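Participant: Below you'll find the structure I mean.
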Amino acid sequence: MSAVRAAVVRQVGAPFEVEEIELAPTGPGEVRVRMAASGVCHSDLSVQNGSIPFLFPTVLGHEGAGVVVEVGEAVTRVVPGDHVVLTWMPACRRCFFCLSGQPMLCEVGLAEALGGPFATSAGRPLVRGLGTATFSEQTLVPEAEVVRIDPSVPLELAALVGCALATGIGAVWHTAGVTPGSSVAVVGCGGVGLSVVQGARLAGASTVVAVDRVAGKLEMAEAMGATATVDASAADVVAAVRAHTAGRGADYCFEVVGRADTIRSAFAATRRGGTTVLVGAGSPAEQVSFSAFELFVDAKTVVGCVYGSTDADRDFPVLVDLVRRGAIDAAGLVTRRISLDDLGDAFRAMEAGEVARSVIVYEEAGSSLRGEGAGGGRER
Ligand SMILES: [Zn+2]
Ligand SMILES: [Zn+2]
C-alpha cells in the first residue's frame with residue numbers, strides 16, 4: 001500500500017478536497033505511475049458538477065504524464081523508469097470496436113478501469129475517475145492506459161497529449177480528415193479548441209477561423225495558426241464565418257463547447273455539403289434540434305467525435321514527437337502551472353474564461369522529470 005496526496009470529490013457538486021489516499025497494491029496487469037503533470041480539462045468539471053454522469057467518491061483528472069514506478073505481474077508494455085502518457089480510453093484490442101478500427105469506442109477497457117480496485121480514503125473505496133485519476137501524486141492503472149514516450153520531452157508538455165492535443169488534433173486528422181487548402185472554423189478556443197486550430201494548420205487548411213468570447217483566447221488562436229478570429233460576444237458568428245469563407249461557410253466547422261446553441265451556430269457556419277464535427281463534451285440534458293428540411297437540402301455531414309477518434313498507441317508517440325520538434329505548440333496552451341491544492345481556483349478560472357489550460361506540476365517530480373536533454377519543448 002502507498003499513501004499519496006490526491007484530490008477527492010465525495011459526491012456530485014462537492015469540492016475537490018486534497019487528502020491522503022491509500023493506493024491498492026499493484027495487481028497483475030497494472031502499473032503504478034508517479035505523476036509529473038496533469039492538465040485540468042473541462043470534462044473533469046462536467047463530471048464534478050454532474051453535467052456528465054459518473055460514480056462517486058472519485059479522484060478525477062485524465063490528462064496526465066509521469067514515470068512508471070512499479071509494474072504488476074505479466075505487464076509487458078512498460079518497466080519502472082519509463083516515461084508515459086495516460087490515455088482515458090484504453091483499448092482491449094479484442095472487442096468488436098477495437099477489431100473494427102475504432103478503439104476509442106472500446107467497450108471493455110474503460111469499464112474494466114472503472115471497476116477495478118484503485119484506492120481507498122479512510123477505508124472507503126474510491127472510483128478511478130475517467131479510468132485514470134491523474135489528480136493524485138501517484139495513480140494505479142491497467143497497463144493498456146500507459147503509452148511509453150520519448151523521455152527527452154518534458155512531461156508537463158507531454159501531459160497535454162493525453163486529452164487536449166489528442167482530442168483536438170485527432171478531430172481534424174482522424175474524425176474529419178481535413179484536406180490541404182480547406183477552410184476550417186473552430187467554435188470554442190479552450191485547450192481542445194486551440195488544439196483543433198493547430199491540427200488544422202498542420203493539415204494545411206488555408207483558412208482557419210477561430211471563434212470565442214474571450215479576447216485572450218483569440219490571441220492565442222492567432223499565435224497557433226488561426227488566419228482570422230471572431231469575437232462571439234460581439235459579432236454574429238455565422239455571418240462572420242461566412243465573410244471569411246467566400247460567403248459559403250466553412251468546409252469543416254468544429255464545435256468545441258458542447259452546448260445546443262453553439263452546435264446550432266457551428267452547423268449554420270458549415271457550408272452546404274460540408275462537415276460539422278461535434279468535439280465538445282456535452283451533457284445528456286442538452287437538446288439540439290434540426291429541421292428535416294435543412295438536414296436534407298443542405299447535404300451537410302454532422303459527425304460525433306469521441307477523443308478525436310484517437311488510437312492512443314498509434315497517435316501519442318506521433319504527437320509527442322511533434323511537440324518535441326516544436327511543430328505543435330504545447331507550451332503555448334499552458335496558461336498556468338499550479339499545484340494540486342489550487343484545483344478549485346483552476347476550475348473557477350476556467351469557467352471565467354481566464355485560462356486555456358492550467359497544468360498541475362507535481363512537486364515530487366523535481367527538475368529531472370522536466371526533460372532529459374536538449375530538444376525539449378519550450379518552458380514557461
Ligand atoms: Zn479532457
Ligand atoms: Zn476493445
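Residue names in the C-alpha cells use chain letters A, B, ... in the order shown, residue numbers from 1 in each chain, and ligand numbers from 1 in the order shown.
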Please give the complete set of residues from segment 57-209 of chain A that DSSP, run on the backbone, assigns to alpha helix (DSSP H), formatted as a PyMOL selection string.
Facilitator: chain A and resi 96-99+109-115+155-158+164-170+191-202
Participant: Would you mind listing the residues within 12 Å of ligand 2, counting only C-alpha atoms and all ligand atoms, as a PyMOL selection string?
Facilitator: chain A and resi 89-112+144+311
Participant: Mind running chain A against ligand 1 at 6 Å and telling me each contacting residue's nearest atom pair with the distance in Å (one decimal), counting only C-alpha atoms and all ligand atoms, chain and number ascending, as JSON lines?
Facilitator:
{"residue": "A:Cys41", "atom": "CA", "partner": "ligand 1", "partner_atom_place_in_ligand_line": "1 (Zn)", "distance": 4.6}
{"residue": "A:Ser43", "atom": "CA", "partner": "ligand 1", "partner_atom_place_in_ligand_line": "1 (Zn)", "distance": 5.3}
{"residue": "A:Cys163", "atom": "CA", "partner": "ligand 1", "partner_atom_place_in_ligand_line": "1 (Zn)", "distance": 4.7}
{"residue": "A:Ala164", "atom": "CA", "partner": "ligand 1", "partner_atom_place_in_ligand_line": "1 (Zn)", "distance": 6.0}
Participant: Take the selection from the previous step and output its residues with C-alpha atoms, as a short mmCIF file (atom, residue, chain, number, x, y, z; two decimals), in the first residue's frame.
Facilitator:
data_model
loop_
_atom_site.label_atom_id
_atom_site.label_comp_id
_atom_site.auth_asym_id
_atom_site.auth_seq_id
_atom_site.Cartn_x
_atom_site.Cartn_y
_atom_site.Cartn_z
CA CYS A 41 -9.77 19.73 -18.50
CA SER A 43 -14.62 17.37 -18.66
CA CYS A 163 -6.55 14.79 -23.80
CA ALA A 164 -6.40 18.29 -25.35
#
Participant: According to DSSP computed on the backbone, where in segment 234-325 of chain A is there strand (DSSP E)? Give the residues as a count of residues only.
Facilitator: 19
Participant: Give me, as a tab-separated table, the closest atom pair and its distance (Å, one decimal) for every residue of segment 95-190 of chain A within a cut-off of 8 Å of segment 205-223 of chain A, counting only C-alpha atoms, rows sorted by chain and rising number.
Facilitator:
residue	atom	partner	partner_atom	distance
A:Val178	CA	A:Ala205	CA	7.3
A:Thr179	CA	A:Ala205	CA	6.8
A:Pro180	CA	A:Ala205	CA	5.1
A:Gly181	CA	A:Ser206	CA	4.7
A:Ser182	CA	A:Ala205	CA	4.6
A:Ser183	CA	A:Thr207	CA	4.5
A:Val184	CA	A:Val208	CA	4.8
A:Ala185	CA	A:Val209	CA	4.5
A:Val186	CA	A:Ala210	CA	5.0
A:Val187	CA	A:Val211	CA	4.7
A:Gly188	CA	A:Asp212	CA	5.1
A:Cys189	CA	A:Asp212	CA	5.8
A:Gly190	CA	A:Lys217	CA	7.1
Participant: Please determine, counting only C-alpha atoms, which residue among A:Val192, A:Leu322, A:Val237, A:Val40 has the shortest atom-to-atom distance to Gly258 of chain A.
Facilitator: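 Result for the nearest residue to Gly258 of chain A: A:Val192.
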Participant: Find, counting only C-alpha atoms, the residue in A:Leu165, A:Leu45, A:Met35, A:Val4 that gets nearest to Glu351 of chain A.
Facilitator: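 Selected residue with least distance to Glu351 of chain A: A:Leu45.
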Participant: Taking only C-alpha atoms into account, which of A:Met350, A:Val359, A:Leu60, A:Val127 comes nearest Arg336 of chain A?
Facilitator: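 Closest to Arg336 of chain A of all the choices is A:Val359.
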Participant: Determine, counting only C-alpha atoms, which protein, DNA and RNA residues have an atom within 12 Å of an atom of Arg271 of chain A; residues of the same chain fewer than 4 positions away are not included. Present the result as a VMD selection string.
Facilitator: chain A and resid 182 to 185 238 to 239 241 to 253 265 to 267 275 to 276 297 to 302
Participant: Counting only C-alpha atoms, figure out which residue out of A:Gly61, A:Gly116, A:Gly81, A:Gly72 gets nearest to Ala159 of chain A.
Facilitator: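 Smallest separation from Ala159 of chain A among the options: A:Gly61.
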Participant: Please identify every residue of segment 75-169 of chain A that has at least one atom no farther than 12 Å from an atom of segment 20-30 of chain A, counting only C-alpha atoms, and for each give the shortest atom pair and the distance in Å to one decimal, arranged by chain then increasing number, as a tab-separated table.
Facilitator:
residue	atom	partner	partner_atom	distance
A:Val75	CA	A:Gly29	CA	4.9
A:Thr76	CA	A:Gly29	CA	8.3
A:Arg77	CA	A:Gly29	CA	9.5
A:Val78	CA	A:Glu30	CA	10.3
A:Val79	CA	A:Glu30	CA	11.3
A:Glu112	CA	A:Glu30	CA	11.5
A:Ala113	CA	A:Glu30	CA	10.0
A:Gly116	CA	A:Gly27	CA	9.9
A:Pro117	CA	A:Ala24	CA	6.6
A:Phe118	CA	A:Ala24	CA	5.4
A:Ala119	CA	A:Leu23	CA	4.2
A:Thr120	CA	A:Glu22	CA	5.2
A:Ser121	CA	A:Ile21	CA	4.9
A:Ala122	CA	A:Ile21	CA	7.4
A:Gly123	CA	A:Glu22	CA	8.4
A:Arg124	CA	A:Ile21	CA	9.6
A:Pro125	CA	A:Glu22	CA	9.5
A:Leu126	CA	A:Ile21	CA	8.9
A:Val127	CA	A:Leu23	CA	11.4
A:Arg128	CA	A:Leu23	CA	10.5
A:Thr132	CA	A:Glu30	CA	11.9
A:Ala133	CA	A:Leu23	CA	11.1
A:Phe135	CA	A:Ile21	CA	11.5
A:Ser136	CA	A:Ile21	CA	8.8
A:Glu137	CA	A:Glu20	CA	9.8
A:Gln138	CA	A:Leu23	CA	8.1
A:Thr139	CA	A:Leu23	CA	7.4
A:Leu140	CA	A:Glu30	CA	6.8
A:Val141	CA	A:Glu30	CA	5.6
A:Pro142	CA	A:Glu30	CA	4.4
A:Glu143	CA	A:Glu30	CA	5.2
A:Ala144	CA	A:Gly29	CA	8.5
A:Glu145	CA	A:Glu30	CA	9.3
A:Val146	CA	A:Glu30	CA	9.8
Participant: Any idea what the distance is between atom CA of Val361 of chain A and atom CA of Ala6 of chain A?
Facilitator: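 For atom CA of Val361 of chain A relative to atom CA of Ala6 of chain A, the distance reads 13.0 Å.
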Participant: I'd like the contact shell of Glu70 of chain A - 7 Å cut-off, only C-alpha atoms, skipping same-chain residues fewer than 3 positions apart - returned as a PyMOL selection string.
Facilitator: chain A and resi 31-32+80
Participant: Nearest to Glu17 of chain A: which of A:Leu343, A:Ala65, A:Val147, A:Tyr362 is it, counting only C-alpha atoms?
Facilitator: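 Of A:Leu343, A:Ala65, A:Val147, A:Tyr362, the one nearest Glu17 of chain A is A:Leu343, counting only C-alpha atoms.
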Participant: Quick one: residues within 9 Å of segment 47-57 of chain A, only C-alpha atoms, excluding same-chain residues fewer than 5 positions away - as a PyMOL selection string?
Facilitator: chain A and resi 8-16+42+114+124-127+129-130+281-285
Participant: Quick one: distance from atom CA of Val197 of chain A to atom CA of Gly308 of chain A in Å, one decimal?
Facilitator: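 Separation of atom CA of Val197 of chain A and atom CA of Gly308 of chain A: 13.3 Å.
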Participant: Between A:Asp44, A:Asp231, A:Glu156, A:Asp261, which one has atoms that come closest to Ile338 of chain A, using only C-alpha atoms?
Facilitator: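 Once distances to Ile338 of chain A are computed over only C-alpha atoms, the minimum belongs to A:Glu156.
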